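Q: Next up, input.csv (CSV, C-alpha atoms and all ligand atoms).
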chain,number,residue,atom,x,y,z
A,1,MET,CA,-6.9,22.4,2.4
A,2,VAL,CA,-4.3,21.2,-0.1
A,3,ASN,CA,-4.9,17.6,-1.3
A,4,PHE,CA,-2.3,15.3,-2.8
A,5,LEU,CA,-2.4,12.0,-4.5
A,6,ILE,CA,0.7,9.9,-4.1
A,7,PHE,CA,0.8,7.6,-7.0
A,8,GLY,CA,3.0,4.8,-8.6
A,9,PRO,CA,3.2,1.1,-9.2
A,10,PRO,CA,3.2,-1.5,-6.4
A,11,GLY,CA,6.6,-1.2,-4.6
A,12,SER,CA,7.2,2.4,-5.8
A,13,GLY,CA,7.4,3.7,-2.2
A,14,LYS,CA,3.9,5.2,-1.8
A,15,GLY,CA,3.2,3.9,1.6
A,16,THR,CA,6.8,4.4,2.8
A,17,GLN,CA,6.9,8.0,1.8
A,18,SER,CA,3.3,8.9,2.7
A,19,VAL,CA,3.9,8.2,6.4
A,20,LYS,CA,6.9,10.6,6.5
A,21,LEU,CA,5.2,13.2,4.3
A,22,ALA,CA,2.0,13.2,6.3
A,23,GLU,CA,3.9,13.8,9.5
A,24,LYS,CA,6.1,16.6,8.0
A,25,PHE,CA,3.3,18.5,6.4
A,26,ASN,CA,0.5,17.7,8.9
A,27,LEU,CA,-1.6,15.9,6.2
A,28,LYS,CA,-4.2,13.3,6.9
A,29,HIS,CA,-2.9,10.1,5.4
A,30,LEU,CA,-5.5,7.8,3.8
A,31,SER,CA,-4.3,4.5,2.5
A,32,THR,CA,-7.0,2.2,1.1
A,33,GLY,CA,-4.5,-0.7,1.2
A,34,ASP,CA,-4.1,-0.2,5.0
A,35,MET,CA,-7.8,0.2,5.5
A,36,LEU,CA,-8.4,-3.1,3.6
A,37,ARG,CA,-5.7,-4.9,5.5
A,38,ALA,CA,-7.3,-3.6,8.8
A,39,GLU,CA,-10.6,-5.2,7.8
A,40,ILE,CA,-8.9,-8.5,7.0
A,41,GLU,CA,-7.1,-8.4,10.4
A,42,ALA,CA,-10.3,-7.7,12.2
A,43,GLY,CA,-11.9,-10.6,10.5
A,44,THR,CA,-14.9,-8.6,9.3
A,45,GLU,CA,-17.2,-9.9,6.6
A,46,LEU,CA,-15.9,-7.3,4.2
A,47,GLY,CA,-12.3,-8.3,5.0
A,48,LYS,CA,-13.1,-12.0,4.3
A,49,LYS,CA,-14.5,-11.1,0.9
A,50,MET,CA,-11.6,-8.8,-0.1
A,51,SER,CA,-8.8,-11.0,1.1
A,52,SER,CA,-9.0,-13.5,-1.8
A,53,ILE,CA,-9.1,-10.6,-4.3
A,54,MET,CA,-6.1,-8.9,-2.8
A,55,SER,CA,-4.0,-12.1,-2.5
A,56,LYS,CA,-4.4,-12.6,-6.2
A,57,GLY,CA,-3.1,-9.1,-6.9
A,58,GLU,CA,-6.4,-7.9,-8.3
A,59,LEU,CA,-8.2,-4.6,-7.4
A,60,VAL,CA,-11.2,-4.8,-5.1
A,61,PRO,CA,-14.4,-3.3,-6.5
A,62,ASP,CA,-14.5,0.5,-6.9
A,63,GLU,CA,-17.6,0.9,-4.7
A,64,VAL,CA,-15.8,-0.7,-1.7
A,65,VAL,CA,-12.9,1.7,-1.6
A,66,ILE,CA,-15.0,4.7,-2.6
A,67,GLU,CA,-17.2,4.0,0.4
A,68,MET,CA,-14.2,3.7,2.7
A,69,ILE,CA,-12.8,7.0,1.6
A,70,ALA,CA,-16.2,8.8,1.8
A,71,SER,CA,-16.6,7.6,5.4
A,72,LYS,CA,-13.2,9.3,6.3
A,73,ILE,CA,-13.5,12.6,4.5
A,74,ASP,CA,-16.0,14.2,6.8
A,75,THR,CA,-14.4,12.8,10.0
A,76,THR,CA,-11.0,14.4,9.5
A,77,LYS,CA,-10.3,17.8,11.0
A,78,GLY,CA,-7.3,19.9,11.9
A,79,SER,CA,-4.9,19.0,9.1
A,80,ASN,CA,-3.5,20.9,6.1
A,81,GLY,CA,-5.2,18.5,3.7
A,82,PHE,CA,-5.3,14.9,2.6
A,83,LEU,CA,-2.6,12.6,1.3
A,84,PHE,CA,-4.3,9.9,-0.7
A,85,ASP,CA,-2.1,6.8,-0.9
A,86,GLY,CA,-3.1,3.9,-3.2
A,87,PHE,CA,-6.4,5.6,-4.0
A,88,PRO,CA,-7.6,6.3,-6.7
A,89,ARG,CA,-6.6,3.2,-8.6
A,90,THR,CA,-9.1,3.5,-11.5
A,91,VAL,CA,-10.5,6.4,-13.5
A,92,ALA,CA,-13.9,5.7,-12.0
A,93,GLN,CA,-12.4,6.1,-8.5
A,94,THR,CA,-10.7,9.4,-9.6
A,95,GLU,CA,-14.0,10.8,-10.8
A,96,ALA,CA,-15.7,9.7,-7.5
A,97,LEU,CA,-12.9,11.4,-5.5
A,98,GLU,CA,-13.1,14.6,-7.5
A,99,LYS,CA,-16.9,14.7,-7.0
A,100,MET,CA,-16.5,14.1,-3.2
A,101,LEU,CA,-14.0,16.9,-2.9
A,102,ASN,CA,-15.8,19.3,-5.2
A,103,GLU,CA,-19.0,18.9,-3.2
A,104,ARG,CA,-17.0,20.1,-0.1
A,105,GLY,CA,-15.3,23.0,-1.9
A,106,MET,CA,-12.0,21.2,-2.4
A,107,LYS,CA,-10.1,19.6,-5.2
A,108,ILE,CA,-7.1,17.4,-6.0
A,109,ASN,CA,-4.2,19.9,-6.0
A,110,SER,CA,-1.4,17.7,-7.1
A,111,MET,CA,-0.6,14.2,-8.2
A,112,LEU,CA,2.9,13.0,-7.4
A,113,VAL,CA,3.9,10.0,-9.5
A,114,LEU,CA,6.9,7.9,-8.4
A,115,ASP,CA,8.8,6.5,-11.4
A,116,VAL,CA,10.7,3.3,-10.5
A,117,ASP,CA,12.2,0.6,-12.8
A,118,HIS,CA,10.4,-2.7,-13.1
A,119,ASP,CA,13.3,-4.7,-11.6
A,120,GLU,CA,13.6,-2.5,-8.6
A,121,LEU,CA,9.8,-2.8,-7.9
A,122,VAL,CA,10.1,-6.6,-7.9
A,123,LYS,CA,13.2,-6.5,-5.7
A,124,ARG,CA,11.6,-4.3,-3.1
A,125,LEU,CA,8.4,-6.4,-2.9
A,126,VAL,CA,10.2,-9.7,-2.6
A,127,LEU,CA,12.3,-8.2,0.2
A,128,ARG,CA,9.2,-6.9,2.0
A,129,ALA,CA,7.5,-10.4,1.8
A,130,ASP,CA,10.0,-11.6,4.4
A,131,GLN,CA,9.0,-8.9,6.9
A,132,SER,CA,5.4,-8.2,6.1
A,133,GLY,CA,4.1,-11.7,5.5
A,134,ARG,CA,1.7,-10.2,2.9
A,135,PRO,CA,0.4,-12.9,0.6
A,136,ASP,CA,0.5,-10.5,-2.3
A,137,ASP,CA,4.3,-10.0,-1.9
A,138,LYS,CA,5.1,-13.7,-1.5
A,139,ASP,CA,4.4,-15.0,-5.0
A,140,PRO,CA,6.4,-13.5,-7.9
A,141,ALA,CA,3.5,-14.3,-10.3
A,142,VAL,CA,1.2,-12.2,-8.1
A,143,ILE,CA,3.7,-9.3,-8.0
A,144,GLU,CA,3.8,-9.4,-11.9
A,145,ASN,CA,0.0,-9.4,-12.0
A,146,ARG,CA,-0.2,-6.4,-9.7
A,147,ILE,CA,2.2,-4.5,-12.0
A,148,ASP,CA,0.1,-5.6,-15.0
A,149,VAL,CA,-3.1,-4.5,-13.3
A,150,TYR,CA,-1.4,-1.1,-12.5
A,151,LYS,CA,-0.5,-0.6,-16.2
A,152,ALA,CA,-4.0,-1.6,-17.4
A,153,LYS,CA,-6.3,0.0,-14.9
A,154,THR,CA,-4.4,2.5,-12.8
A,155,GLU,CA,-1.9,4.2,-15.2
A,156,PRO,CA,-4.7,5.8,-17.3
A,157,ILE,CA,-5.3,8.1,-14.4
A,158,ILE,CA,-2.0,9.8,-15.3
A,159,ASP,CA,-3.5,11.1,-18.6
A,160,TYR,CA,-6.7,12.2,-16.8
A,161,CYS,CA,-4.6,14.2,-14.3
A,162,ARG,CA,-2.2,15.5,-16.9
A,163,LYS,CA,-5.2,17.1,-18.7
A,164,ARG,CA,-6.1,18.8,-15.4
A,165,GLY,CA,-2.6,20.2,-15.1
A,166,ILE,CA,-1.9,18.5,-11.7
A,167,TYR,CA,0.5,15.7,-12.9
A,168,GLN,CA,3.9,15.8,-11.3
A,169,PRO,CA,6.4,13.0,-12.1
A,170,VAL,CA,9.0,12.3,-9.4
A,171,ASN,CA,12.2,10.1,-9.7
A,172,GLY,CA,11.4,7.2,-7.3
A,173,MET,CA,14.9,5.6,-7.6
A,174,GLY,CA,17.5,6.1,-4.8
A,175,THR,CA,17.4,6.0,-1.0
A,176,ILE,CA,14.2,6.6,0.9
A,177,GLU,CA,15.7,9.9,2.3
A,178,ASP,CA,16.6,11.1,-1.2
A,179,ILE,CA,13.1,10.5,-2.5
A,180,PHE,CA,11.6,12.0,0.6
A,181,GLU,CA,13.6,15.2,-0.1
A,182,ARG,CA,12.4,15.3,-3.7
A,183,LEU,CA,8.7,14.8,-2.8
A,184,SER,CA,9.0,17.4,0.1
A,185,GLY,CA,10.3,19.9,-2.4
A,186,TYR,CA,7.3,19.6,-4.7
A,187,MET,CA,4.9,19.6,-1.7
A,188,GLN,CA,6.5,22.6,-0.1
A,189,LYS,CA,5.7,24.7,-3.2
A,190,MET,CA,2.0,23.8,-3.0
A,191,LEU,CA,1.5,24.5,0.8
B,201,LIG,P1,-1.4,-1.1,-1.3
B,201,LIG,O1,-1.4,-1.3,0.2
B,201,LIG,O2,-1.6,0.3,-1.8
B,201,LIG,O3,0.1,-1.7,-1.6
B,201,LIG,P2,1.2,-1.4,-2.8
B,201,LIG,O4,0.7,-0.9,-4.1
B,201,LIG,O5,1.8,-2.8,-2.8
B,201,LIG,O6,2.2,-0.4,-2.4
B,201,LIG,P3,2.8,0.0,-1.0
B,201,LIG,O7,2.4,1.4,-0.7
B,201,LIG,O8,2.4,-0.9,0.1
B,201,LIG,O9,4.3,-0.2,-1.1
B,201,LIG,P4,5.5,0.8,-1.1
B,201,LIG,O10,5.5,1.1,-2.5
B,201,LIG,O11,5.5,1.8,0.0
B,201,LIG,O12,-2.4,-2.1,-2.0
B,201,LIG,C1,-2.5,-3.5,-1.7
B,201,LIG,C2,-3.7,-4.1,-2.4
B,201,LIG,O13,-4.9,-3.6,-1.9
B,201,LIG,C3,-3.8,-3.9,-3.9
B,201,LIG,O14,-3.0,-4.7,-4.7
B,201,LIG,C4,-5.3,-4.1,-4.1
B,201,LIG,O15,-5.7,-5.4,-4.2
B,201,LIG,C5,-5.9,-3.5,-2.9
B,201,LIG,N1,-6.3,-2.0,-3.0
B,201,LIG,C6,-5.7,-1.0,-2.3
B,201,LIG,N2,-6.3,0.2,-2.7
B,201,LIG,C7,-7.2,-0.1,-3.7
B,201,LIG,C8,-8.0,0.7,-4.5
B,201,LIG,N3,-8.0,2.0,-4.4
B,201,LIG,N4,-8.8,0.1,-5.4
B,201,LIG,C9,-8.8,-1.3,-5.5
B,201,LIG,N5,-8.0,-2.1,-4.8
B,201,LIG,C10,-7.2,-1.5,-3.9
B,201,LIG,O16,6.8,-0.1,-0.6
B,201,LIG,C11,7.1,-1.4,-0.9
B,201,LIG,C12,8.4,-1.8,-0.3
B,201,LIG,O17,9.6,-1.2,-0.8
B,201,LIG,C13,8.5,-1.6,1.2
B,201,LIG,O18,9.0,-2.7,1.9
B,201,LIG,C14,9.5,-0.4,1.4
B,201,LIG,O19,10.2,-0.5,2.6
B,201,LIG,C15,10.4,-0.6,0.2
B,201,LIG,N6,10.9,0.7,-0.3
B,201,LIG,C16,10.2,1.8,-0.5
B,201,LIG,N7,11.0,2.8,-1.0
B,201,LIG,C17,12.3,2.2,-1.1
B,201,LIG,C18,13.5,2.7,-1.5
B,201,LIG,N8,13.7,4.0,-2.0
B,201,LIG,N9,14.6,1.9,-1.5
B,201,LIG,C19,14.4,0.6,-1.1
B,201,LIG,N10,13.3,0.1,-0.7
B,201,LIG,C20,12.2,0.9,-0.6
Take the structure from the file and write it as structure tokens.
Ligand code: B4P

A:
Amino acid sequence: MVNFLIFGPPGSGKGTQSVKLAEKFNLKHLSTGDMLRAEIEAGTELGKKMSSIMSKGELVPDEVVIEMIASKIDTTKGSNGFLFDGFPRTVAQTEALEKMLNERGMKINSMLVLDVDHDELVKRLVLRADQSGRPDDKDPAVIENRIDVYKAKTEPIIDYCRKRGIYQPVNGMGTIEDIFERLSGYMQKML
């Protein structure tokens, strides 16, 4: 099993690229954002609690997403590995993921980090708001907060992974196809 993190600020293309990459390389795509939105849509107690946090652009508690990922890791068979999208988002989540994988004889093999200009991030999210109806895309102040939260709480993971020799920056500017080719090139080398 080869396990990848796809990483980057909100709007960097993580979700967009993950779907395509998971299909191309037969990876199991795990997106905590999608899992949380599914809880909200299903109207579960957890979804109700998380909805107000997400609509403000804040991170949900570490233990919630760690539990979600833990429940998926053992029920996934027949793929070449995992593609973690939007998880981990804090150093504590990264440590928990490493522990879960190590206990199963696996590790994080590569962290692919999409680099995208600030203005382009905002442009993409504002555009998506029209199609997705996501409350966290609608308000420019919430978009800015998500980017600030990324810088404060999520970006420190880059240093953590750099020290482990698994950090791989990727130019996230350009067309979806161009970026897909770049990411595919890095993944191909690992598989
Ligand atoms: P996520 O669902 O992970 O959402 P995101 O960061 O906004 O990125 P996403 O993957 O959706 O967007 P993408 O860049 O693909 O998280 C949502 C919320 O859930 C978080 O804010 C948090 O509250 C909570 N959450 C999730 N995981 C958590 C965790 N581990 N811990 C705590 N809280 C957690 O694309 C954006 C748009 O750009 C799309 O419309 C796309 O079509 C477009 N686009 C992409 N690439 C493009 C390109 N090259 N050119 C033009 N447009 C492009």

Q: Can you pull out the residues contacting Glu181 of chain A? Cut-off 12 Å, using all atoms listed in the file, and skip same-chain residues under 6 positions away; I want them as a PyMOL selection string.

A: chain A and resi 17+20-21+24+170-172+174-175+187-188

Q: State, in Å with one decimal place, the distance from atom CA of Tyr167 of chain A to atom CA of Leu83 of chain A.

A: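 Going from atom CA of Tyr167 of chain A over to atom CA of Leu83 of chain A covers 14.9 Å.
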
Q: Produce as a PyMOL selection string the set of residues near ligand LIG 201 (chain B), where near means within 8 Å with all atoms listed in the file considered.

A: chain A and resi 8-18+31-34+36-37+50+53-62+64-66+85-90+93+121+124-125+127-129+131-132+136-137+146+172-179

Q: Counting only C-alpha atoms, which residues of segment 90-125 of chain A fall within 8 Å of segment 147-165 of chain A, and what is the closest atom pair for each with its distance in Å at one decimal, ordered by chain and rising number, as JSON lines?

A:
{"residue": "A:Thr90", "atom": "CA", "partner": "A:Thr154", "partner_atom": "CA", "distance": 5.0}
{"residue": "A:Val91", "atom": "CA", "partner": "A:Ile157", "partner_atom": "CA", "distance": 5.5}
{"residue": "A:Thr94", "atom": "CA", "partner": "A:Ile157", "partner_atom": "CA", "distance": 7.3}
{"residue": "A:Met111", "atom": "CA", "partner": "A:Cys161", "partner_atom": "CA", "distance": 7.3}

Q: Using atom CA of Leu30 of chain A and atom CA of Leu101 of chain A as the two end points, give the distance in Å to one decimal.

A: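 We find that atom CA of Leu30 of chain A and atom CA of Leu101 of chain A lie 14.1 Å from each other.
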
Q: State, in Å with one decimal place, the distance from atom CA of Phe4 of chain A to atom CA of Ser110 of chain A.

A: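 Computed distance, atom CA of Phe4 of chain A to atom CA of Ser110 of chain A, equals 5.0 Å.
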
Q: Would you mind telling me which residue in A:Ser184, A:Ser71, A:Thr76, A:Asn26 lies nearest to Met100 of chain A when using only C-alpha atoms?

A: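 Closest candidate: A:Ser71.
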
Q: When distances are computed from only C-alpha atoms, which of A:Ser51, A:Asn109, A:Phe7, A:Leu114 shows the smallest separation from Lys189 of chain A?

A: A:Asn109

Q: Which of these residues is nearest to Met190 of chain A, using all atoms listed in the file: A:Ser52, A:Asn80, A:Thr75, A:Asn145?

A: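 The shortest atom-to-atom distance to Met190 of chain A comes from A:Asn80.
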
Q: Using only C-alpha atoms for the distances, tell me which of A:Ile166, A:Leu27, A:Ala42, A:Leu97 is nearest to Met1 of chain A.

A: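 The answer is A:Leu27, which sits nearest to Met1 of chain A.
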
Q: Using all atoms listed in the file, which residue out of A:Ala38, A:Leu183, A:Ala70, A:Ala22 lies closest to Arg104 of chain A?

A: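 Once distances to Arg104 of chain A are computed over all atoms listed in the file, the minimum belongs to A:Ala70.
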
Q: Considering all atoms listed in the file, state which residue in the set A:Gly105, A:Pro140, A:Gly133, A:Gly81 is at the smallest distance from Leu191 of chain A.

A: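 That would be A:Gly81, the residue with the smallest distance to Leu191 of chain A.
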